[in-house]
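Peer 1: My questions all concern the structure below.
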Amino acid sequence: MLTHDGDLSQGTGQDSLGDTPAFRLGPAPCDLGPPSGQCWGGEGWPLPWRLGQCWAGAVWVSAVTPSDTSPSSFSGSLNVASLREEQLHLSLLVSSGWRTINFHVVPVVRRKLGVPALEGAQQMPGFPEGSLRRILGQGVDLVPASTQLWRTSTNYLLTRLLGELGSLQGHRLDSLSILDRVNHESWRDGGRTDGLTFGHLKTVLLWASVLFPAPEDWAELQGAVYRLLVVLLCCLATRKLPHFLHPQRNLLQGSGLDLGAIYKRVEGFASQPEAALRIHATHLGRSPPPRIGSGLRALLQLPASDPTYWATAYFDVLLDKFQVLNIQDKDRISAMQSIFQKTRTLGSEES
């Protein structure tokens, strides 16, 4: 099986998701067989470096050979000049007219094996009952970690989890789509500056779905967007976005991003989203007052010093700060008020 991990952009040569490569996200590398000098290792498992070579010719032929049913299906050019033996993927640069697409084609082996992080999350709230077990039962993808070793790819698993969220009532995926657009057009200046990737945002949605498992959290679009925003702001303030299946891995660490500048842009949007969401000059007018007061950033720092704050009650406090809590569950309101009193006590002690 081959998959492309690439860029559907106009010749940027960068990963459109901007995510950490799949072969760096999984658990420790696994050896599926000793080197044999052929495409296949011991026990019938392929070696990554040989599998890539074996498939390179097939990819080239299939890309440039016209289809019998549609002789004009390919009218551009294809360049594999950057292909090197030591690479763990095939880089294909496809040009057609003014548009250039850079594909990173990655060899994939699907295998029935357990993923401890996912198995431990099978009772995680916020997902349809039995969905994680079904996903795990379909096997996992192994992608190259080196020329000899394979790693578990979490990209496929995370995509399937997003699909499960899309089967639920509410605006989970709608809120992700809105923030993805705002991120590209406003926070990243139309893609001209570095910033958050879609991979970061989808991880935020997965965590938000666990922290806010009730259907009423996602019933209104504005409230759904703010549930992602409070999680994102907390991650930026603490400079830590845990990988959903491997929480010990920080997706913001080593990213090279100016997290302070990104935080200011996200906080500005959360305070006055109307400015970023206007789509026509006739919508211009006096902006409403900010929805938050001072002290938000100090409140967002709490999970860095005390991980127990990474819980629904704490994030409900943040939603209340933005005046978008809108829940009726008395137990949850009581838990939120208890956390709020605790934060006030901490603030008075520090002052």
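Residues in the structure tokens are named by chain (A, B, ... in the order shown) and by number from 1 within that chain; ligands are numbered from 1 in the order shown.
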What's around Lys240 in chain A at 7 Å? Count only C-alpha atoms, leave out sequence neighbours fewer than 3 positions away in its own chain, and write the answer as an NGL selection string.
Peer 2: :A and (235-236 or 250 or 252)
Peer 1: Could the residues in this selection be saved with N, CA and C atoms as an mmCIF file, in the first residue's frame?
Peer 2:
data_model
loop_
_atom_site.group_PDB
_atom_site.id
_atom_site.type_symbol
_atom_site.label_atom_id
_atom_site.label_comp_id
_atom_site.auth_asym_id
_atom_site.auth_seq_id
_atom_site.Cartn_x
_atom_site.Cartn_y
_atom_site.Cartn_z
ATOM 1 N N CYS A 235 -3.113 25.719 25.740
ATOM 2 C CA CYS A 235 -1.925 25.045 25.202
ATOM 3 C C CYS A 235 -0.850 26.054 24.797
ATOM 4 N N LEU A 236 -1.271 27.173 24.212
ATOM 5 C CA LEU A 236 -0.300 28.191 23.809
ATOM 6 C C LEU A 236 0.310 28.883 25.021
ATOM 7 N N ASN A 250 4.894 16.483 23.332
ATOM 8 C CA ASN A 250 4.427 17.856 23.181
ATOM 9 C C ASN A 250 4.566 18.273 21.719
ATOM 10 N N LEU A 252 4.084 21.075 20.386
ATOM 11 C CA LEU A 252 4.612 22.422 20.204
ATOM 12 C C LEU A 252 6.105 22.503 20.470
#
Peer 1: Check range 137-294 of chain A with DSSP on the backbone and list each residue it calls alpha helix (DSSP H), as number ranges by chain.
Peer 2: A: 137, 155-166, 172-182, 198-211, 221-238, 259-271, 274-277
Peer 1: Show me, as JSON, numbers by chain, the residues that have an atom within 12 Å of Leu325 in chain A when counting only C-alpha atoms, minus same-chain residues fewer than 6 positions from it.
Peer 2: {"A": [212, 216, 217, 218, 219, 220, 222, 223, 224, 225, 226, 227, 230, 312, 313, 314, 315, 316, 317, 318, 319, 332, 333, 336]}
Peer 1: Counting only C-alpha atoms, which of A:Gly254, A:Gly170, A:Gly295, A:Pro303 gets nearest to Val231 in chain A?
Peer 2: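 Using only C-alpha atoms, the shortest distance to Val231 in chain A belongs to A:Pro303.
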Peer 1: As an exercise, work out the distance from CA of Gln301 in chain A to CA of Cys234 in chain A in Å and give it to one decimal place.
Peer 2: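 These two atoms are separated by 6.9 Å.
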Peer 1: Determine the nearest neighbour of Arg172 in chain A from the options A:Trp207, A:Tyr156, A:Phe269, A:Trp310, counting only C-alpha atoms.
Peer 2: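 Closest to Arg172 in chain A of all the choices is A:Trp207.
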Peer 1: Per DSSP on the backbone, what are the strand (DSSP E or B) residues of range 141-300 of chain A, as a PyMOL selection string?
Peer 2: chain A and resi 141-144+150-153+242+250
Peer 1: With N, CA and C atoms retained, export the selected residues as a compact mmCIF listing (two decimals), in the first residue's frame.
Peer 2:
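So selection23.txt came out as:
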# COMPACT_ATOMS: atom_id res chain seq x y z
N ASP A 141 -1.41 1.37 10.69
CA ASP A 141 -0.45 1.54 9.60
C ASP A 141 0.96 1.63 10.16
N LEU A 142 1.87 0.92 9.53
CA LEU A 142 3.29 1.04 9.84
C LEU A 142 3.97 1.79 8.72
N VAL A 143 4.77 2.78 9.06
CA VAL A 143 5.48 3.59 8.08
C VAL A 143 6.96 3.60 8.45
N PRO A 144 7.84 3.94 7.51
CA PRO A 144 9.28 3.84 7.79
C PRO A 144 9.73 4.76 8.92
N TRP A 150 10.34 0.13 11.29
CA TRP A 150 9.02 0.71 11.04
C TRP A 150 8.49 1.32 12.34
N ARG A 151 7.58 2.29 12.19
CA ARG A 151 6.88 2.87 13.33
C ARG A 151 5.37 2.83 13.06
N THR A 152 4.62 2.90 14.14
CA THR A 152 3.17 3.03 14.01
C THR A 152 2.83 4.45 13.59
N SER A 153 2.04 4.60 12.55
CA SER A 153 1.57 5.92 12.13
C SER A 153 0.25 6.23 12.81
N PRO A 242 -0.41 18.33 24.12
CA PRO A 242 -0.12 16.89 24.16
C PRO A 242 -0.65 16.18 22.92
N ASN A 250 4.89 16.48 23.33
CA ASN A 250 4.43 17.86 23.18
C ASN A 250 4.57 18.27 21.72
